[in-house]
$ cat data19.txt   # compact mmCIF, C-alpha atoms
# COMPACT_ATOMS: atom_id res chain seq x y z
CA MET A 236 1.95 -50.50 2.44
CA ALA A 237 2.63 -46.83 1.80
CA MET A 238 5.61 -44.52 2.29
CA THR A 239 7.73 -45.71 5.21
CA MET A 240 7.67 -43.61 8.37
CA THR A 241 11.46 -43.36 8.18
CA ILE A 242 11.25 -41.52 4.85
CA ARG A 243 8.16 -39.50 5.75
CA GLU A 244 9.79 -38.22 8.95
CA TYR A 245 13.13 -37.55 7.22
CA LEU A 246 11.50 -35.53 4.42
CA ARG A 247 9.49 -33.59 6.99
CA ALA A 248 12.61 -32.91 9.11
CA CYS A 249 14.43 -31.64 5.99
CA ASP A 250 11.41 -29.48 5.05
CA ILE A 251 11.22 -31.03 1.57
CA ASP A 252 8.21 -30.29 -0.63
CA TYR A 253 7.02 -33.57 -2.20
CA GLU A 254 3.97 -35.53 -3.24
CA GLU A 255 3.11 -39.21 -3.10
CA VAL A 256 2.13 -40.76 -6.42
CA PRO A 257 0.32 -44.11 -6.29
CA HIS A 258 0.84 -46.56 -9.15
CA PRO A 259 -0.15 -50.13 -10.03
CA ARG A 260 2.04 -52.65 -8.24
CA ALA A 261 5.35 -53.10 -10.06
CA VAL A 262 8.73 -54.35 -8.88
CA SER A 263 11.33 -53.48 -11.53
CA THR A 264 12.21 -49.83 -12.07
CA SER A 265 11.63 -50.12 -15.82
CA ARG A 266 8.10 -51.42 -15.17
CA ILE A 267 7.48 -48.76 -12.51
CA ALA A 268 8.49 -46.05 -14.98
CA ARG A 269 6.14 -47.50 -17.61
CA VAL A 270 3.06 -47.89 -15.37
CA SER A 271 3.68 -44.48 -13.74
CA HIS A 272 4.31 -42.66 -17.04
CA VAL A 273 7.64 -41.38 -15.71
CA GLU A 274 10.75 -41.08 -17.86
CA GLY A 275 13.51 -43.51 -16.83
CA ASP A 276 16.01 -40.69 -16.45
CA GLN A 277 13.73 -39.04 -13.85
CA LEU A 278 13.16 -42.18 -11.76
CA ALA A 279 15.95 -42.54 -9.21
CA LYS A 280 16.97 -46.03 -8.17
CA ALA A 281 19.11 -47.10 -5.25
CA VAL A 282 21.92 -49.61 -5.54
CA MET A 283 23.29 -50.70 -2.18
CA LEU A 284 27.03 -51.24 -2.05
CA HIS A 285 29.32 -52.78 0.54
CA GLY A 286 32.84 -51.51 1.12
CA ASP A 287 35.57 -51.45 3.74
CA ALA A 288 33.87 -48.56 5.54
CA GLY A 289 30.39 -50.13 5.52
CA TYR A 290 27.34 -49.78 3.33
CA ARG A 291 26.75 -47.08 0.74
CA ILE A 292 23.86 -46.21 -1.54
CA ALA A 293 24.55 -45.29 -5.15
CA VAL A 294 21.65 -43.28 -6.57
CA LEU A 295 21.26 -43.14 -10.34
CA PRO A 296 18.58 -42.90 -13.03
CA SER A 297 16.61 -46.10 -13.50
CA ASP A 298 17.48 -46.28 -17.20
CA ARG A 299 21.22 -46.50 -16.45
CA ASP A 300 23.50 -49.06 -14.76
CA ALA A 301 26.01 -48.42 -11.99
CA ASP A 302 29.63 -48.70 -13.09
CA LEU A 303 31.28 -50.18 -9.98
CA GLU A 304 34.77 -49.64 -11.36
CA ARG A 305 34.04 -45.95 -11.92
CA ILE A 306 32.47 -45.60 -8.44
CA THR A 307 35.56 -47.18 -6.90
CA GLN A 308 37.81 -44.73 -8.78
CA LEU A 309 35.72 -41.67 -7.96
CA PHE A 310 35.30 -42.32 -4.26
CA HIS A 311 38.56 -44.18 -3.57
CA GLU A 312 36.87 -47.17 -1.99
CA ASP A 313 36.72 -50.77 -3.16
CA LEU A 314 32.98 -51.48 -3.42
CA GLU A 315 30.82 -54.44 -4.37
CA LEU A 316 27.09 -55.01 -4.62
CA ALA A 317 25.39 -55.79 -1.31
CA THR A 318 23.42 -59.02 -1.04
CA GLU A 319 19.63 -59.08 -0.92
CA ASP A 320 19.84 -60.09 2.76
CA GLU A 321 22.02 -57.06 3.51
CA VAL A 322 19.57 -54.77 1.71
CA ARG A 323 16.60 -56.24 3.61
CA HIS A 324 18.46 -55.79 6.90
CA GLU A 325 19.31 -52.11 6.28
CA PHE A 326 15.89 -51.24 4.86
CA ASP A 327 13.85 -53.39 7.22
CA ASP A 328 10.75 -51.18 7.01
CA CYS A 329 10.66 -51.40 3.18
CA ASP A 330 9.18 -54.08 1.00
CA PRO A 331 11.90 -56.43 -0.32
CA GLY A 332 13.42 -54.91 -3.44
CA ALA A 333 12.16 -51.39 -2.68
CA ALA A 334 15.36 -49.82 -1.35
CA ILE A 335 15.09 -46.07 -1.06
CA PRO A 336 17.57 -43.60 -2.59
CA VAL A 337 17.41 -41.44 0.54
CA GLY A 338 20.00 -43.54 2.36
CA GLN A 339 20.75 -40.62 4.70
CA ALA A 340 17.48 -41.39 6.48
CA TYR A 341 18.98 -44.79 7.34
CA GLY A 342 22.38 -43.43 8.33
CA LEU A 343 24.04 -44.47 5.06
CA GLN A 344 26.50 -42.53 2.90
CA VAL A 345 24.98 -41.66 -0.48
CA TYR A 346 26.77 -41.34 -3.81
CA LEU A 347 24.66 -39.40 -6.31
CA ASP A 348 25.10 -39.80 -10.06
CA ASP A 349 25.35 -36.46 -11.85
CA HIS A 350 22.73 -37.50 -14.43
CA LEU A 351 20.03 -37.07 -11.77
CA ARG A 352 21.20 -33.59 -10.85
CA GLN A 353 20.08 -32.31 -14.27
CA GLN A 354 16.42 -33.32 -13.96
CA SER A 355 13.54 -30.87 -13.52
CA ASP A 356 11.57 -33.54 -11.63
CA VAL A 357 12.70 -36.63 -9.73
CA TYR A 358 10.71 -39.67 -8.59
CA PHE A 359 11.72 -42.59 -6.37
CA GLU A 360 10.15 -45.52 -4.59
CA ALA A 361 8.59 -44.76 -1.21
CA GLY A 362 9.50 -48.12 0.35
CA ASP A 363 6.79 -50.20 -1.27
CA HIS A 364 6.04 -51.24 -4.85
CA GLU A 365 2.93 -49.07 -5.22
CA THR A 366 3.99 -45.52 -4.32
CA LEU A 367 6.46 -43.04 -5.73
CA VAL A 368 7.75 -39.89 -4.11
CA HIS A 369 7.82 -36.96 -6.54
CA MET A 370 9.66 -33.68 -6.04
CA SER A 371 11.22 -30.98 -8.16
CA GLY A 372 14.83 -31.39 -9.19
CA GLY A 373 15.67 -28.41 -6.98
CA GLU A 374 14.14 -30.08 -3.92
CA PHE A 375 15.95 -33.33 -4.76
CA ASP A 376 19.27 -31.43 -5.00
CA ARG A 377 18.54 -29.86 -1.62
CA LEU A 378 17.70 -33.28 -0.15
CA MET A 379 20.95 -34.73 -1.52
CA ALA A 380 23.11 -31.69 -0.69
CA GLY A 381 25.42 -33.61 1.67
CA SER A 382 26.01 -36.45 -0.77
CA GLN A 383 29.15 -36.99 -2.78
CA HIS A 384 28.44 -36.97 -6.50
CA GLY A 385 30.01 -37.81 -9.82
CA ASP A 386 29.44 -39.41 -13.20
CA PHE A 387 29.38 -43.13 -12.42
CA SER A 388 26.55 -44.61 -14.47
CA ARG A 389 26.42 -45.93 -18.00
CA PRO A 390 23.54 -46.41 -20.44
CA ARG A 391 21.92 -49.83 -20.45

$ encode --input "data19.txt" --output "C-alpha cells"
Amino acid sequence: MAMTMTIREYLRACDIDYEEVPHPRAVSTSRIARVSHVEGDQLAKAVMLHGDAGYRIAVLPSDRDADLERITQLFHEDLELATEDEVRHEFDDCDPGAAIPVGQAYGLQVYLDDHLRQQSDVYFEAGDHETLVHMSGGEFDRLMAGSQHGDFSRPR
C-alpha cells in the first residue's frame, strides 16, 4: 500500500508541497523514526480521541506522549482515547495502526501540539507502514492552519 487517496487528494487540494519517503516496514513510531533516520521530534503521530462532540485527532511529536488532562483543560472538552475499532472505522483506507495526523482530510477536528510548530521539517505516516510524507515546517503549519493548538504533550 502507498499513500491513501484521501491524503493525496487533500494535500493536492491544499496545494501543499511534499514528498513521499519510502522506508522498511515498521509499525511503532519509534521504530519508524529509527529506520527512516528521522528525529522523533520531527515525526508527527496522531492520537485519536473521543469526546462529547465526537472524534478528535491530537497531533504531537512521536517522541512525546499526549497529556489527556492537559488537552481537556486547553480545549474545554472531556476526552478519552478512542478504541482501535473506532480508529479503524474513521481511517478505513489506512492500514491498522497507521492513523494520519491530517484528520481534516477525514472531517475530524485536529489539535496540534506546539512542539511540532517549531520544526524545520515534519514527517508523518502516509496511511501505511512503509511510507512517510515529508514537508517543510512552513508547509506543515500552512496545512494545519485551521487547527487549534497548544502545549499538551510531555516527554516520554

$ atom_distance --input "data19.txt" --atom1 "atom CA of Ser265 of chain A" --atom2 "atom CA of Asp298 of chain A"
7.1 Å

$ atom_distance --input "data19.txt" --atom1 "atom CA of Met370 of chain A" --atom2 "atom CA of Tyr358 of chain A"
6.6 Å

$ closest_atom_pairs --input "data19.txt" --of "segment 308-389 of chain A" --to "segment 275-296 of chain A" --cutoff "7 Å" --atoms "all atoms listed in the file" --output "CSV"
residue,atom,partner,partner_atom,distance
A:Glu312,CA,A:Gly286,CA,6.7
A:Asp313,CA,A:Gly286,CA,5.8
A:Leu314,CA,A:Gly286,CA,4.5
A:Glu315,CA,A:His285,CA,5.4
A:Leu316,CA,A:Leu284,CA,4.6
A:Ala317,CA,A:Leu284,CA,4.9
A:Val322,CA,A:Met283,CA,6.7
A:Ala334,CA,A:Ala281,CA,6.1
A:Ile335,CA,A:Ala281,CA,5.9
A:Pro336,CA,A:Ala281,CA,4.7
A:Gly338,CA,A:Ile292,CA,6.1
A:Leu343,CA,A:Arg291,CA,5.7
A:Gln344,CA,A:Arg291,CA,5.0
A:Val345,CA,A:Ile292,CA,4.8
A:Tyr346,CA,A:Ala293,CA,4.7
A:Leu347,CA,A:Val294,CA,4.9
A:Asp348,CA,A:Leu295,CA,5.1
A:His350,CA,A:Pro296,CA,7.0
A:Leu351,CA,A:Pro296,CA,6.1
A:Gln354,CA,A:Gln277,CA,6.3
A:Asp356,CA,A:Gln277,CA,6.3
A:Val357,CA,A:Gln277,CA,4.9
A:Tyr358,CA,A:Leu278,CA,4.7
A:Phe359,CA,A:Ala279,CA,5.1
A:Ser388,CA,A:Leu295,CA,6.9

$ closest_residue --input "data19.txt" --among "A:Leu367, A:Ala333, A:Ile267, A:Ala301" --to "Asp349 of chain A" --atoms "all atoms listed in the file"
A:Ala301

$ closest_residue --input "data19.txt" --among "A:Met240, A:Tyr245, A:Arg299, A:Gly362" --to "Glu274 of chain A" --atoms "only C-alpha atoms"
A:Arg299

$ atom_distance --input "data19.txt" --atom1 "atom CA of Ala361 of chain A" --atom2 "atom CA of Asp300 of chain A"
20.6 Å

$ axis_aligned_box --input "data19.txt" --around "segment 324-338 of chain A" --padding-each-side "8 Å" --output "lines of an AutoDock Vina configuration file"
center_x = 14.6
center_y = -48.9
center_z = 1.9
size_x = 26.8
size_y = 31.0
size_z = 26.7

$ closest_residue --input "data19.txt" --among "A:Glu254, A:Glu374, A:Glu365, A:Glu321" --to "Arg266 of chain A" --atoms "all atoms listed in the file"
A:Glu365
